[in-house]
Amino acid sequence: MPNEKPYDLVVVGAGAAGFFASAETLRLCPDARVLMLEKTSQVLAKVRISGGGRCNVTHNCFDNSRLQTHYPRGNSWLSGVFKRFSVKDTLSWFSGFGVKIVAEADGRMFPTSNRSESIVLALQESVRSSNFRLRTNCLVKSIKPENEGGFELLIKDSESIFAANVLVATGGSPGPAGFSFLSPLQLPLVSPVPSLFTFNVAKHDWASLMGLAVEKAAVSLPAFGLSFQGPVLVTHWGFSGPAILKLSAAAARLLHDCGYIFEFQIDFLPELSRQEIEQVLLSHIASNPKQKPSNAHIFEIPKRLWDQLCLESGLANHHNWAEAGKKKLSLIVELLKSKRFHASGKTTFKDEFVTAGGVSLEAIDSRTCQSKSHPGIFLAGEVLDVDGFTGGFNFQAAWSTGYVAALAISERISKKNQ
Ligand SMILES: Cc1cc2nc3c(=O)[nH]c(=O)nc-3n(C[C@H](O)[C@H](O)[C@H](O)COP(=O)(O)OP(=O)(O)OC[C@H]3O[C@@H](n4cnc5c(N)ncnc54)[C@H](O)[C@@H]3O)c2cc1C
């Protein structure tokens, strides 16, 4: 048992969720003694680099049931969480610290300063209190329940810190080692794997098309029956863009399990059926029999893409449509509707990645973000088996779970001090 009075709350991890929960606990219980422990020398490191240094704080989605659909893991569990703290609440919270957040055309929301530093400063300001202490370079090695209630946190070599409540906000980790400090609590884990990545293609014939963007495509993984529509971008190594990233998140575990060697297909005209494409082609040919196929502009796709597909179908070798046989027409229809690629590996998207997996939601009450087996242990942010698509959804989950945890932590602290 400690000589010193245990902290009311020890927060493990000085990231988005840890700061948000600390700030809200201090707002609701100004007298609470809160200690934050961070293993690195820097706080809010990911917030700083997020969104290419602009911080995509949240997403312009005010309907909670729609918001949930942007989370391949945690979808229904988040319903209770978003009910308590929504996108609207995020905007008014930051506005309370003088940070205005606006939406871009695709729904992503950024501070008007376009600098993540505005978010960092707001979060730092929010914990300004004589009752708040921060220790950096302080790795938490284990969290053990005490017989008399409360918890002992082992840090550094042999130092112990005692707390009545602990918030675990340590973020994601690509491997199980990042969760080993939780083992004395025996919280069930869903094995962590990376999410949000671009697809690499070996011997990438399309590398010369690097930078080519197709605004409306559908990418699918036939082996897993998954498909997403959205923009697709050709990169030096393979393919990126919102449709690819969504697919990488939805199939994060399946793709991990097959060693990132898989086949994917791109439909460049998802709004037209094969038959409709064929009809459009035939009526175009009927009115332009002497046109060179590669000079045609028939569909709403970039010229470079049409050139590539003409090359692959053999149409590029013909001087006019009349010369090109039925077989080549069928081939270009096939390429437009389901061009196949073989992926072999993945690449991180603009350094952004999140973890699929983490502490199992079965063990956590979504009304409080509290462990069901260890009252007093709370979890928020990416350490949970919750992750979203790219677009501000991961930070929204961190703010919302941080808030819900803080609300329940404050209730416990107030009850104890009555
Ligand atoms: C490059 C990049 C860009 C991103 N951009 C966006 C974006 O624009 N929008 C968006 O929504 N999401 C973005 N994300 C995802 C987002 O950053 C995370 O989902 C979010 O930071 C999770 O918050 P968190 O508080 O749970 O964890 P983190 O922010 O990861 O914080 C966890 C903290 O805990 C510390 N820690 C870990 N273990 C211990 C331990 N044992 N003891 C003490 N401290 C420990 C870590 O050092 C870290 O500081 C991005 C991610 C990356 C990598």
# chains A, B, ... in the order shown; residues from 1 in each chain; ligands from 1
call {"tool": "residues_near_ligand", "arguments": {"ligand": "ligand 1", "cutoff": "8 Å", "atoms": "only C-alpha atoms and all ligand atoms", "output": "JSON, numbers by chain"}}
result
{"A": [12, 13, 14, 15, 16, 17, 18, 19, 37, 38, 39, 40, 42, 43, 44, 45, 46, 47, 49, 50, 51, 52, 54, 55, 56, 57, 58, 137, 138, 139, 140, 141, 142, 169, 170, 171, 172, 178, 179, 181, 350, 351, 352, 353, 354, 380, 381, 382, 383, 387, 388, 390, 391, 392, 393, 394, 395, 396, 397, 398]}
call {"tool": "select_by_dssp", "arguments": {"residues": "region 245-365 of chain A", "states": "strand (DSSP E or B)", "output": "VMD selection string"}}
result
chain A and resid 261 to 267 339 to 349 352 354 to 359 364 to 365
call {"tool": "residues_around", "arguments": {"residues": "Leu185 (chain A)", "least_positions_apart": "3", "cutoff": "9 Å", "atoms": "only C-alpha atoms", "output": "PyMOL selection string"}}
result
chain A and resi 142-145+181-182+373-374
call {"tool": "write_last_selection", "arguments": {"atoms": "C-alpha atoms", "output": "short mmCIF file (atom, residue, chain, number, x, y, z; two decimals), in the first residue's frame"}}
result
data_model
loop_
_atom_site.label_atom_id
_atom_site.label_comp_id
_atom_site.auth_asym_id
_atom_site.auth_seq_id
_atom_site.Cartn_x
_atom_site.Cartn_y
_atom_site.Cartn_z
CA SER A 142 2.19 -2.98 -15.94
CA ILE A 143 -1.10 -2.12 -14.28
CA LYS A 144 -2.06 -4.38 -11.39
CA PRO A 145 -5.29 -4.39 -9.39
CA PHE A 181 1.51 -4.01 -19.92
CA LEU A 182 -2.19 -4.88 -19.63
CA SER A 373 -14.21 -7.00 -14.94
CA HIS A 374 -12.16 -4.20 -13.31
#
call {"tool": "closest_residue", "arguments": {"among": "A:Ser92, A:Ser400, A:Ser126, A:Ser173", "to": "Gly357 (chain A)", "atoms": "only C-alpha atoms"}}
result
A:Ser173
call {"tool": "atom_distance", "arguments": {"atom1": "CA of Leu189 (chain A)", "atom2": "CA of Pro176 (chain A)"}}
result
8.5 Å
call {"tool": "select_by_dssp", "arguments": {"residues": "region 169-206 of chain A", "states": "helix (DSSP H, G or I)", "output": "VMD selection string"}}
result
chain A and resid 176 to 185 205 to 206
call {"tool": "write_last_selection", "arguments": {"atoms": "C-alpha atoms", "output": "JSON list (two decimals), in the first residue's frame"}}
result
[["chain", "number", "residue", "atom", "x", "y", "z"],
["A", 176, "PRO", "CA", 0.67, -7.72, -29.31],
["A", 177, "ALA", "CA", 3.81, -6.47, -27.48],
["A", 178, "GLY", "CA", 2.25, -2.99, -27.32],
["A", 179, "PHE", "CA", -0.51, -4.41, -25.10],
["A", 180, "SER", "CA", 1.65, -6.57, -22.77],
["A", 181, "PHE", "CA", 1.51, -4.01, -19.92],
["A", 182, "LEU", "CA", -2.19, -4.88, -19.63],
["A", 183, "SER", "CA", -1.63, -8.60, -19.02],
["A", 184, "PRO", "CA", -2.15, -8.51, -15.20],
["A", 185, "LEU", "CA", -5.68, -7.22, -15.93],
["A", 205, "ASP", "CA", 2.72, -2.17, -65.76],
["A", 206, "TRP", "CA", 0.69, 0.87, -64.85]]
call {"tool": "residues_around", "arguments": {"residues": "Ala406 (chain A)", "least_positions_apart": "3", "cutoff": "6 Å", "atoms": "only C-alpha atoms", "output": "ChimeraX atom specification"}}
result
/A:21,24-25,403,409-410
call {"tool": "residues_around", "arguments": {"residues": "Ile261 (chain A)", "least_positions_apart": "5", "cutoff": "10 Å", "atoms": "only C-alpha atoms", "output": "PyMOL selection string"}}
result
chain A and resi 199-202+255-256+342-346
call {"tool": "closest_residue", "arguments": {"among": "A:Phe110, A:Ser76, A:Phe132, A:Cys369", "to": "Asp31 (chain A)", "atoms": "only C-alpha atoms"}}
result
A:Phe132
call {"tool": "residues_around", "arguments": {"residues": "region 246-252 of chain A", "least_positions_apart": "3", "cutoff": "8 Å", "atoms": "only C-alpha atoms", "output": "list in words"}}
result
Pro72, Val193, Pro194, Ser195, Leu196, Phe197, Thr198, Val219, Ser220, Leu226, Ser227, Phe228, Pro242, Ala243, Leu255, His256, Ala356, Gly388, Phe389 and Thr390 of chain A
call {"tool": "write_last_selection", "arguments": {"atoms": "N, CA and C atoms", "output": "short mmCIF file (atom, residue, chain, number, x, y, z; two decimals), in the first residue's frame"}}
result
data_model
loop_
_atom_site.label_atom_id
_atom_site.label_comp_id
_atom_site.auth_asym_id
_atom_site.auth_seq_id
_atom_site.Cartn_x
_atom_site.Cartn_y
_atom_site.Cartn_z
N PRO A 72 -15.17 0.09 -39.58
CA PRO A 72 -15.23 -1.36 -39.82
C PRO A 72 -15.15 -2.17 -38.53
N VAL A 193 -3.72 -5.87 -36.13
CA VAL A 193 -3.13 -5.88 -37.48
C VAL A 193 -3.28 -4.47 -38.05
N PRO A 194 -2.42 -4.11 -39.01
CA PRO A 194 -2.54 -2.75 -39.56
C PRO A 194 -3.80 -2.55 -40.41
N SER A 195 -4.28 -1.33 -40.42
CA SER A 195 -5.39 -0.95 -41.31
C SER A 195 -5.00 0.34 -42.03
N LEU A 196 -5.71 0.68 -43.08
CA LEU A 196 -5.45 1.87 -43.91
C LEU A 196 -4.10 1.78 -44.63
N PHE A 197 -4.10 1.09 -45.75
CA PHE A 197 -2.88 1.00 -46.54
C PHE A 197 -3.21 0.96 -48.03
N THR A 198 -2.21 1.22 -48.84
CA THR A 198 -2.42 1.19 -50.28
C THR A 198 -1.94 -0.17 -50.80
N VAL A 219 -13.71 -0.70 -56.51
CA VAL A 219 -12.63 -1.67 -56.34
C VAL A 219 -13.18 -2.83 -55.53
N SER A 220 -12.87 -4.05 -55.97
CA SER A 220 -13.40 -5.19 -55.21
C SER A 220 -12.34 -6.25 -54.96
N LEU A 226 -15.96 -8.28 -51.16
CA LEU A 226 -16.01 -6.91 -50.66
C LEU A 226 -15.77 -5.94 -51.80
N SER A 227 -16.46 -4.80 -51.78
CA SER A 227 -16.29 -3.82 -52.85
C SER A 227 -16.61 -2.42 -52.33
N PHE A 228 -15.85 -1.43 -52.79
CA PHE A 228 -16.12 -0.04 -52.42
C PHE A 228 -15.99 0.86 -53.63
N PRO A 242 -9.31 6.90 -51.93
CA PRO A 242 -10.31 6.53 -50.93
C PRO A 242 -10.91 5.13 -51.11
N ALA A 243 -11.19 4.69 -52.35
CA ALA A 243 -11.82 3.37 -52.51
C ALA A 243 -10.87 2.26 -52.05
N LEU A 255 -6.66 -9.56 -45.33
CA LEU A 255 -5.47 -9.31 -46.15
C LEU A 255 -4.19 -9.62 -45.36
N HIS A 256 -4.22 -9.36 -44.07
CA HIS A 256 -3.08 -9.72 -43.22
C HIS A 256 -2.88 -11.24 -43.26
N ALA A 356 -6.19 -2.19 -36.50
CA ALA A 356 -7.44 -2.94 -36.40
C ALA A 356 -7.17 -3.99 -35.32
N GLY A 388 -11.57 3.47 -37.69
CA GLY A 388 -12.42 4.01 -38.74
C GLY A 388 -11.68 4.12 -40.06
N PHE A 389 -12.46 4.46 -41.09
CA PHE A 389 -11.86 4.76 -42.38
C PHE A 389 -11.11 6.08 -42.27
N THR A 390 -10.32 6.39 -43.29
CA THR A 390 -9.62 7.67 -43.27
C THR A 390 -10.66 8.79 -43.49
#
call {"tool": "residues_around", "arguments": {"residues": "region 412-415 of chain A", "least_positions_apart": "4", "cutoff": "10 Å", "atoms": "only C-alpha atoms", "output": "list of chain:residue names"}}
result
A:Asp8, A:Leu9, A:Thr25, A:Leu28, A:Cys29, A:Asp31, A:Ala32, A:Arg33, A:Ala164, A:Asn165, A:Pro375, A:Gly376, A:Ala406, A:Leu407, A:Ala408
call {"tool": "decode", "arguments": {"residues": "region 191-295 of chain A", "atoms": "C-alpha atoms", "output": "CSV table (one decimal), in the first residue's frame"}}
result
chain,number,residue,atom,x,y,z
A,191,SER,CA,-5.0,-9.5,-32.2
A,192,PRO,CA,-3.8,-6.3,-33.7
A,193,VAL,CA,-3.1,-5.9,-37.5
A,194,PRO,CA,-2.5,-2.7,-39.6
A,195,SER,CA,-5.4,-1.0,-41.3
A,196,LEU,CA,-5.5,1.9,-43.9
A,197,PHE,CA,-2.9,1.0,-46.5
A,198,THR,CA,-2.4,1.2,-50.3
A,199,PHE,CA,-2.1,-1.9,-52.5
A,200,ASN,CA,1.3,-2.7,-54.1
A,201,VAL,CA,1.4,-4.4,-57.5
A,202,ALA,CA,4.4,-6.4,-58.5
A,203,LYS,CA,5.8,-5.7,-61.9
A,204,HIS,CA,3.5,-2.7,-62.0
A,205,ASP,CA,2.7,-2.2,-65.8
A,206,TRP,CA,0.7,0.9,-64.9
A,207,ALA,CA,3.6,2.7,-63.1
A,208,SER,CA,3.9,4.9,-66.2
A,209,LEU,CA,0.4,6.2,-65.4
A,210,MET,CA,1.5,7.4,-61.9
A,211,GLY,CA,-0.6,10.3,-60.8
A,212,LEU,CA,-3.7,9.2,-62.8
A,213,ALA,CA,-6.9,9.7,-60.8
A,214,VAL,CA,-10.2,8.1,-61.7
A,215,GLU,CA,-12.9,9.9,-59.8
A,216,LYS,CA,-15.6,7.2,-59.9
A,217,ALA,CA,-14.4,3.6,-59.7
A,218,ALA,CA,-15.4,0.5,-57.8
A,219,VAL,CA,-12.6,-1.7,-56.3
A,220,SER,CA,-13.4,-5.2,-55.2
A,221,LEU,CA,-11.8,-8.2,-53.6
A,222,PRO,CA,-13.6,-11.1,-55.3
A,223,ALA,CA,-12.2,-13.7,-52.9
A,224,PHE,CA,-13.8,-11.9,-49.9
A,225,GLY,CA,-16.9,-10.5,-51.6
A,226,LEU,CA,-16.0,-6.9,-50.7
A,227,SER,CA,-16.3,-3.8,-52.8
A,228,PHE,CA,-16.1,0.0,-52.4
A,229,GLN,CA,-16.7,2.9,-54.8
A,230,GLY,CA,-14.8,6.1,-54.8
A,231,PRO,CA,-11.8,7.8,-56.3
A,232,VAL,CA,-8.7,5.6,-57.2
A,233,LEU,CA,-5.2,6.9,-57.8
A,234,VAL,CA,-2.4,5.2,-59.6
A,235,THR,CA,0.9,5.4,-57.7
A,236,HIS,CA,4.5,4.5,-58.3
A,237,TRP,CA,4.0,1.1,-56.5
A,238,GLY,CA,0.4,0.3,-57.1
A,239,PHE,CA,-3.0,1.9,-56.3
A,240,SER,CA,-4.2,4.3,-53.6
A,241,GLY,CA,-7.2,6.6,-53.1
A,242,PRO,CA,-10.3,6.5,-50.9
A,243,ALA,CA,-11.8,3.4,-52.5
A,244,ILE,CA,-8.6,1.4,-52.0
A,245,LEU,CA,-8.1,2.7,-48.4
A,246,LYS,CA,-11.7,1.8,-47.5
A,247,LEU,CA,-11.2,-1.7,-48.8
A,248,SER,CA,-7.9,-2.0,-46.9
A,249,ALA,CA,-9.7,-1.1,-43.7
A,250,ALA,CA,-12.7,-3.4,-44.3
A,251,ALA,CA,-10.5,-6.3,-45.2
A,252,ALA,CA,-7.6,-5.5,-42.8
A,253,ARG,CA,-7.5,-8.9,-41.1
A,254,LEU,CA,-8.3,-11.0,-44.2
A,255,LEU,CA,-5.5,-9.3,-46.2
A,256,HIS,CA,-3.1,-9.7,-43.2
A,257,ASP,CA,-3.9,-13.4,-43.1
A,258,CYS,CA,-3.1,-13.9,-46.7
A,259,GLY,CA,0.2,-12.2,-46.4
A,260,TYR,CA,-1.0,-9.3,-48.5
A,261,ILE,CA,-0.9,-11.4,-51.7
A,262,PHE,CA,-4.3,-11.2,-53.3
A,263,GLU,CA,-6.2,-10.3,-56.4
A,264,PHE,CA,-8.3,-7.1,-56.8
A,265,GLN,CA,-10.5,-5.8,-59.6
A,266,ILE,CA,-11.2,-2.3,-60.7
A,267,ASP,CA,-14.5,-1.3,-62.4
A,268,PHE,CA,-13.8,2.0,-64.1
A,269,LEU,CA,-17.5,2.5,-65.1
A,270,PRO,CA,-19.5,1.3,-62.0
A,271,GLU,CA,-22.6,3.1,-63.1
A,272,LEU,CA,-22.9,1.2,-66.4
A,273,SER,CA,-23.5,-2.5,-66.9
A,274,ARG,CA,-21.5,-4.5,-69.4
A,275,GLN,CA,-24.5,-4.5,-71.7
A,276,GLU,CA,-24.9,-0.7,-71.5
A,277,ILE,CA,-21.2,-0.2,-72.2
A,278,GLU,CA,-21.5,-2.5,-75.2
A,279,GLN,CA,-24.5,-0.6,-76.5
A,280,VAL,CA,-22.7,2.7,-76.1
A,281,LEU,CA,-19.7,1.4,-77.9
A,282,LEU,CA,-21.7,-0.1,-80.8
A,283,SER,CA,-23.7,3.0,-81.4
A,284,HIS,CA,-20.5,5.1,-81.3
A,285,ILE,CA,-18.8,2.8,-83.8
A,286,ALA,CA,-21.9,3.0,-86.1
A,287,SER,CA,-21.6,6.8,-86.3
A,288,ASN,CA,-17.7,6.8,-86.4
A,289,PRO,CA,-16.6,3.7,-88.3
A,290,LYS,CA,-13.4,5.4,-89.6
A,291,GLN,CA,-12.3,6.8,-86.3
A,292,LYS,CA,-9.1,5.4,-84.8
A,293,PRO,CA,-10.2,3.7,-81.5
A,294,SER,CA,-7.5,5.3,-79.4
A,295,ASN,CA,-8.6,8.7,-80.5
